Each structure stands twice: as structure tokens, then as C-alpha cells.
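Enquirer: Sharing my_file-v5.cif here; it has mmCIF, C-alpha atoms.
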```
data_model
loop_
_atom_site.label_atom_id
_atom_site.label_comp_id
_atom_site.auth_asym_id
_atom_site.auth_seq_id
_atom_site.Cartn_x
_atom_site.Cartn_y
_atom_site.Cartn_z
CA MET A 138 0.00 0.00 0.00
CA PHE A 139 1.02 3.60 -0.22
CA PHE A 140 -0.29 6.79 1.33
CA ASP A 141 0.65 10.43 1.62
CA LEU A 142 2.26 12.05 4.62
CA GLY A 143 3.29 15.63 5.37
CA GLU A 144 6.82 16.35 6.50
CA GLU A 145 7.10 15.91 10.28
CA GLU A 146 3.55 14.46 10.33
CA GLU A 147 2.65 11.12 11.97
CA LYS A 148 0.17 8.54 10.71
CA CYS A 149 -0.72 5.28 12.41
CA ILE A 150 -2.01 1.98 11.03
CA ILE A 151 -3.88 -0.43 13.30
CA GLU A 152 -3.18 -4.13 12.74
CA GLU A 153 -4.73 -7.11 14.54
CA ILE A 154 -1.72 -9.29 15.36
CA PRO A 155 -1.69 -12.55 17.34
CA GLU A 156 1.02 -13.01 19.95
CA ASP A 157 4.44 -14.44 19.03
CA THR A 158 3.99 -13.68 15.32
CA LEU A 159 6.92 -12.34 13.37
CA VAL A 160 5.95 -9.05 11.69
CA THR A 161 8.17 -7.61 8.98
CA GLY A 162 7.65 -4.22 7.37
CA TYR A 163 9.35 -2.72 4.33
CA PHE A 164 8.96 0.94 3.40
CA LEU A 165 10.13 3.51 0.89
CA LEU A 166 9.72 7.25 1.51
CA GLU A 167 9.73 9.64 -1.45
CA TYR A 168 8.33 12.98 -2.48
CA TRP A 169 4.72 12.94 -3.68
CA ASP A 170 5.78 15.04 -6.67
CA SER A 171 7.90 12.71 -8.82
CA ASN A 172 9.68 15.72 -10.36
CA LYS A 173 11.56 16.30 -7.09
CA ALA A 174 15.16 15.18 -6.86
CA LYS A 175 15.64 11.45 -6.42
CA ASN A 176 18.65 12.05 -4.19
CA SER A 177 17.20 13.42 -0.95
CA PRO A 178 19.53 12.56 1.95
CA HIS A 179 17.56 14.70 4.39
CA LEU A 180 14.46 12.45 4.25
CA GLY A 181 13.93 9.87 6.95
CA LEU A 182 11.22 7.98 8.79
CA THR A 183 10.66 7.22 12.47
CA VAL A 184 8.78 3.97 13.09
CA THR A 185 7.00 3.50 16.42
CA ILE A 186 5.24 0.24 17.29
CA ARG A 187 2.80 0.16 20.23
CA ASP A 188 1.06 -2.89 21.69
CA PRO A 189 -2.65 -3.01 22.75
CA ASN A 190 -1.66 -1.49 26.13
CA TYR A 191 0.01 1.44 24.30
CA GLN A 192 3.46 0.31 25.46
CA VAL A 193 6.20 1.11 22.93
CA LEU A 194 7.60 -2.11 21.44
CA MET A 195 9.92 -0.40 19.00
CA LEU A 196 11.00 3.16 18.28
CA LYS A 197 13.60 3.51 15.55
CA ARG A 198 14.75 6.08 13.00
CA PHE A 199 15.50 5.05 9.44
CA GLY A 200 16.59 6.64 6.21
CA LYS A 201 14.22 7.02 3.30
CA GLN A 202 13.89 3.27 2.90
CA GLY A 203 14.24 0.42 5.32
CA LYS A 204 12.95 -2.69 6.99
CA PHE A 205 11.63 -3.21 10.52
CA ILE A 206 10.96 -6.48 12.32
CA PHE A 207 9.22 -7.15 15.63
CA THR A 208 7.43 -9.93 17.49
CA PRO A 209 4.53 -8.93 19.75
CA HIS A 210 4.02 -10.67 23.08
CA LEU A 211 0.32 -9.75 23.34
CA SER A 212 -2.54 -10.47 20.95
CA GLY A 213 -4.71 -7.59 19.79
CA GLN A 214 -4.59 -4.28 17.99
CA HIS A 215 -1.07 -3.00 17.47
CA PHE A 216 -0.34 0.53 16.30
CA LEU A 217 2.28 0.98 13.56
CA CYS A 218 3.04 4.72 13.55
CA LEU A 219 5.16 6.33 10.85
CA GLN A 220 6.49 9.87 11.14
CA SER A 221 8.74 11.62 8.69
CA ASN A 222 11.82 13.18 10.17
CA ASN A 223 13.74 15.79 8.33
CA THR A 224 17.20 17.26 8.67
CA ARG A 225 16.33 20.34 6.62
CA PHE A 226 15.71 23.72 8.22
CA SER A 227 12.08 23.83 9.39
CA VAL A 228 11.23 26.83 7.16
CA PHE A 229 11.69 24.60 4.09
CA THR A 230 9.48 21.77 5.32
CA GLY A 231 5.87 21.26 4.31
CA GLU A 232 6.28 19.03 1.27
CA ARG A 233 3.89 16.10 0.75
CA LEU A 234 5.55 12.71 0.89
CA ARG A 235 4.51 9.26 -0.31
CA ILE A 236 5.17 6.16 1.78
CA HIS A 237 5.15 2.75 0.15
CA LEU A 238 4.53 0.21 2.92
CA ASP A 239 4.48 -3.59 2.89
CA VAL A 240 3.67 -5.33 6.19
CA GLN A 241 4.00 -9.12 6.28
CA MET A 242 3.06 -11.39 9.17
CA GLY A 243 4.69 -14.75 9.80
CA GLU A 244 7.68 -16.33 8.11
CA HIS A 245 7.40 -15.42 4.41
CA SER A 246 10.84 -15.28 2.97
CA ILE A 247 12.60 -18.20 1.33
CA ASP A 248 16.35 -17.85 1.15
CA PRO A 249 17.31 -17.76 -2.55
CA SER A 250 20.63 -19.45 -1.88
CA VAL A 251 18.76 -22.50 -0.55
CA THR A 252 16.45 -22.72 -3.55
CA LYS A 253 19.48 -22.64 -5.86
CA ALA A 254 21.29 -25.32 -3.89
CA LYS A 255 22.18 -28.47 -5.78
CA ASP A 256 21.35 -30.69 -2.86
CA THR A 257 17.62 -31.38 -3.23
CA VAL A 258 17.36 -32.85 0.26
CA LYS A 259 18.44 -29.55 1.82
CA SER A 260 16.03 -27.67 -0.40
CA MET A 261 13.17 -30.00 0.52
CA GLU A 262 14.09 -29.74 4.21
CA TYR A 263 13.99 -25.97 4.04
CA SER A 264 10.66 -26.01 2.19
CA LEU A 265 9.23 -28.42 4.75
CA GLN A 266 10.42 -26.19 7.60
CA HIS A 267 8.84 -23.22 5.84
CA LEU A 268 5.51 -25.10 5.60
CA ILE A 269 5.70 -26.10 9.26
CA ASP A 270 6.26 -22.45 10.21
CA GLN A 271 3.24 -21.48 8.12
CA VAL A 272 1.11 -24.14 9.86
CA HIS A 273 2.21 -22.80 13.27
CA TYR A 274 1.31 -19.30 12.13
CA ILE A 275 -2.15 -20.45 11.01
CA ILE A 276 -2.68 -22.27 14.33
CA ARG A 277 -1.77 -19.10 16.27
CA GLN A 278 -4.18 -17.10 14.11
CA GLN A 279 -6.98 -19.61 14.80
CA GLU A 280 -6.29 -19.55 18.55
CA PHE A 281 -6.34 -15.76 18.52
CA GLN A 282 -9.68 -15.68 16.67
CA ARG A 283 -11.09 -18.37 18.99
CA ASN A 284 -10.12 -16.31 22.06
CA ARG A 285 -11.72 -13.21 20.56
CA GLU A 286 -14.90 -15.15 19.81
CA GLU A 287 -15.05 -16.47 23.38
CA THR A 288 -14.60 -12.95 24.76
CA PHE A 289 -17.36 -11.55 22.55
CA ARG A 290 -19.66 -14.47 23.41
CA ALA A 291 -19.12 -13.86 27.15
CA ILE A 292 -19.86 -10.15 26.71
CA GLY A 293 -23.00 -10.98 24.71
CA GLU A 294 -24.28 -13.43 27.32
CA GLU A 295 -23.58 -10.95 30.13
CA THR A 296 -25.45 -8.22 28.23
CA ASN A 297 -28.35 -10.60 27.55
CA GLY A 298 -28.59 -11.44 31.26
CA SER A 299 -28.52 -7.75 32.20
CA VAL A 300 -31.29 -6.98 29.69
CA LEU A 301 -33.41 -9.83 31.09
CA TRP A 302 -33.06 -8.59 34.68
CA TRP A 303 -33.78 -5.03 33.59
CA ALA A 304 -36.99 -6.19 31.90
CA ILE A 305 -38.05 -8.06 35.06
CA VAL A 306 -37.35 -5.01 37.24
CA GLN A 307 -39.33 -2.78 34.86
CA THR A 308 -42.28 -5.20 34.88
CA VAL A 309 -42.31 -5.35 38.71
CA ILE A 310 -42.17 -1.54 38.91
CA LEU A 311 -44.98 -1.28 36.33
CA PHE A 312 -47.22 -3.67 38.33
CA PHE A 313 -46.40 -1.87 41.58
CA VAL A 314 -47.20 1.58 40.12
CA GLY A 315 -50.41 0.25 38.52
CA PHE A 316 -51.55 -1.38 41.78
CA TRP A 317 -50.72 1.82 43.71
CA GLN A 318 -52.64 3.99 41.21
CA MET A 319 -55.71 1.71 41.38
CA LYS A 320 -55.67 1.77 45.19
CA ARG A 321 -55.31 5.58 45.30
CA LEU A 322 -58.10 5.98 42.72
CA LYS A 323 -60.38 3.62 44.70
CA ASP A 324 -59.63 5.51 47.93
CA PHE A 325 -60.35 8.80 46.12
CA PHE A 326 -63.73 7.58 44.85
CA ILE A 327 -64.66 6.28 48.31
CA GLU A 328 -63.64 9.58 49.89
CA LYS A 329 -65.72 11.60 47.40
CA LYS A 330 -68.60 9.10 47.86
CA LEU A 331 -68.79 8.30 44.18
CA VAL A 332 -68.77 4.56 44.79
#
```
Take the structure from the file and write it as C-alpha cells.
Expert:
Amino acid sequence: MFFDLGEEEEKCIIEEIPEDTLVTGYFLLEYWDSNKAKNSPHLGLTVTIRDPNYQVLMLKRFGKQGKFIFTPHLSGQHFLCLQSNNTRFSVFTGERLRIHLDVQMGEHSIDPSVTKAKDTVKSMEYSLQHLIDQVHYIIRQQEFQRNREETFRAIGEETNGSVLWWAIVQTVILFFVGFWQMKRLKDFFIEKKLV
């Protein structure tokens, strides 16, 4: 994906990430206007990763392109915040920038030297290990979704129980007020000798 960003501006992306999942991000920062100089040594990017408790997992400055890797220890929404940093004098800032971002979760890369190896057993072993890692990643994703479903189900059942008790309390109050009104009306009619 790519998106625009002002100089010295921060934008955050929210990603649902299960615990103990390797997350790799690649980015390229360039001017939005392609006519600008390709050689821009003053451009850079600060990457901040926060976990669901807003604790900083990673805070690192990069050049105009780079790669970041982290492994979260909590499941949930993680915040990937990108902020351009600039070494130019602040009067000259204000340009629009384009960030190309690729975020991958789990083990995705296959070493090209292994695929070119002449020993097919080693190549097959590496491919098998890659598949096993993918299966573990899928299992962690399923466990994460299962835990979320259980949490939402518990919240739904608790809400349903609260609504049921609220309806019972309202019904009791309605009967009590109705009985009280009938008694007061009967007493009023008896007092005025209409009955």
C-alpha cells in the first residue's frame, strides 16, 4: 500500500496481530511530486510500534527506505506509527511525501541461496520447515480468533442477562405503580362518595 504524509507528520495503522507472530515491514519514503530530486539525503522515517496497552515495542529512525521487524508478546490491535523526520531547516518543510509500505506477518521469505542449492534434500528440508512455520502461524491465528470469539460471546451473554433482569425489574415496577394507582383511585372515589 502507499499513502501520503506531510513532513514531520505522523500517521498510524492499526493491525490485529496474534502473539508471538513475526511481523516484517518494508517501506520507501519519497516525495509525492515525482519531479523532485531522487537524491534526498535529508528524508527519513521514524517507526513507532505500540502494543494493545500502548506500550512502545519499537522506536527507531530510518533513512528514506528500510525494513523493521518485531514480534509482539500480546494479541490484539497494534499501532504501527510512521512519522517523517527531516534534517532540513524547518522553514523549508511542508512538502507532501509518499510512503510505500508492505507489512507481512509470519515467516514469508525463502532464502534464494537455498532454492538454488544443488542438494535437493536440503532444499526440501527448508521447504518443509517453511511449511511447518506457516502451519504454526495459522494455528496461532486460529487460537487468537477463537479467544476473541469467546470474549465476545461472554460479553453478549452478560449483556443478555442484564437486559433480562432489567426487563423483570421494569415489569415489577410497572405492576407496583399500577396497583398503587388503582388503590389511590379507589380511595379517592370512596372519599368523594362516588362509589
Enquirer: Give the answer as one residue: which of A:Asn297, A:Gln202, A:Gln220, A:Thr183 has the shortest atom-to-atom distance to Asp239 in chain A, using only C-alpha atoms?
Expert: A:Gln202
Enquirer: Please report the interatomic distance between CA of Phe199 in chain A and CA of Gly162 in chain A in Å with one decimal.
Expert: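 A separation of 12.3 Å between them.
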Enquirer: So how many Å separate CA of Leu182 in chain A and CA of Gln241 in chain A, to one decimal?
Expert: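 According to the coordinates, CA of Leu182 in chain A and CA of Gln241 in chain A are separated by 18.7 Å.
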Enquirer: How many Å lie between CA of Phe325 in chain A and CA of Val306 in chain A, rounded to one decimal?
Expert: 28.3 Å
Enquirer: With the file shown as input, list the residues that the PyMOL selection byres ((chain A and resi 190-195) around 9) selects, as number ranges by chain.
Expert: A: 184-189, 196-197, 207-209, 211, 215-216
Enquirer: Near Leu322 in chain A, counting only C-alpha atoms, which residues have an atom at most 12 Å away, once you skip same-chain residues fewer than 6 positions from it, shown as a PyMOL selection string?
Expert: chain A and resi 315-316+328-329+331-332
Enquirer: Using only C-alpha atoms, find the one residue out of A:Val300, A:Met261, A:Ile206, A:Val314 that sits nearest to Met242 in chain A.
Expert: A:Ile206
Enquirer: Which is closest to Leu268 in chain A among A:Gly243, A:Lys323, A:Gln214, A:Lys201, if we use all atoms listed in the file?
Expert: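 Counting all atoms listed in the file, the residue closest to Leu268 in chain A is A:Gly243.
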Enquirer: I need the output of the PyMOL selection byres ((chain A and resi 277-286) around 12) for this file as an mmCIF file with C-alpha atoms, keeping the file's coordinate frame; which residues are they?
Expert:
```
data_model
loop_
_atom_site.group_PDB
_atom_site.id
_atom_site.type_symbol
_atom_site.label_atom_id
_atom_site.label_comp_id
_atom_site.auth_asym_id
_atom_site.auth_seq_id
_atom_site.Cartn_x
_atom_site.Cartn_y
_atom_site.Cartn_z
ATOM 1 C CA GLU A 153 -4.730 -7.110 14.540
ATOM 2 C CA ILE A 154 -1.720 -9.290 15.360
ATOM 3 C CA PRO A 155 -1.690 -12.550 17.340
ATOM 4 C CA GLU A 156 1.020 -13.010 19.950
ATOM 5 C CA ASP A 157 4.440 -14.440 19.030
ATOM 6 C CA THR A 158 3.990 -13.680 15.320
ATOM 7 C CA LEU A 159 6.920 -12.340 13.370
ATOM 8 C CA LEU A 211 0.320 -9.750 23.340
ATOM 9 C CA SER A 212 -2.540 -10.470 20.950
ATOM 10 C CA GLY A 213 -4.710 -7.590 19.790
ATOM 11 C CA GLN A 214 -4.590 -4.280 17.990
ATOM 12 C CA MET A 242 3.060 -11.390 9.170
ATOM 13 C CA GLY A 243 4.690 -14.750 9.800
ATOM 14 C CA ASP A 270 6.260 -22.450 10.210
ATOM 15 C CA GLN A 271 3.240 -21.480 8.120
ATOM 16 C CA VAL A 272 1.110 -24.140 9.860
ATOM 17 C CA HIS A 273 2.210 -22.800 13.270
ATOM 18 C CA TYR A 274 1.310 -19.300 12.130
ATOM 19 C CA ILE A 275 -2.150 -20.450 11.010
ATOM 20 C CA ILE A 276 -2.680 -22.270 14.330
ATOM 21 C CA GLU A 287 -15.050 -16.470 23.380
ATOM 22 C CA THR A 288 -14.600 -12.950 24.760
ATOM 23 C CA PHE A 289 -17.360 -11.550 22.550
ATOM 24 C CA ARG A 290 -19.660 -14.470 23.410
ATOM 25 C CA ALA A 291 -19.120 -13.860 27.150
ATOM 26 C CA ILE A 292 -19.860 -10.150 26.710
ATOM 27 C CA GLY A 293 -23.000 -10.980 24.710
#
```
Enquirer: Expanded to explicit residues, what is the PyMOL selection byres ((chain A and resi 234) around 7) for this file, as a list in words?
Expert: Asp141, Leu142, Gly143, Glu144, Leu166, Glu167, Tyr168, Trp169, Glu232, Arg233, Arg235 and Ile236 of chain A
Enquirer: Set the distance at 6 Å and use all atoms listed in the file: which residues neighbour Leu238 in chain A once local chain neighbours fewer than 2 positions away are removed? I'd like the list as a VMD selection string.
Expert: chain A and resid 138 to 139 163 to 164
Enquirer: Find, counting all atoms listed in the file, the residue in A:Val258, A:Ala304, A:Ile269, A:Leu165 that gets nearest to Phe140 in chain A.
Expert: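 Going through A:Val258, A:Ala304, A:Ile269, A:Leu165 one by one, the smallest distance to Phe140 in chain A is for A:Leu165.
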Enquirer: Which of these residues is nearest to Cys218 in chain A, using all atoms listed in the file: A:Cys149, A:Val160, A:Ile327, A:Val240?
Expert: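 Closest candidate: A:Cys149.
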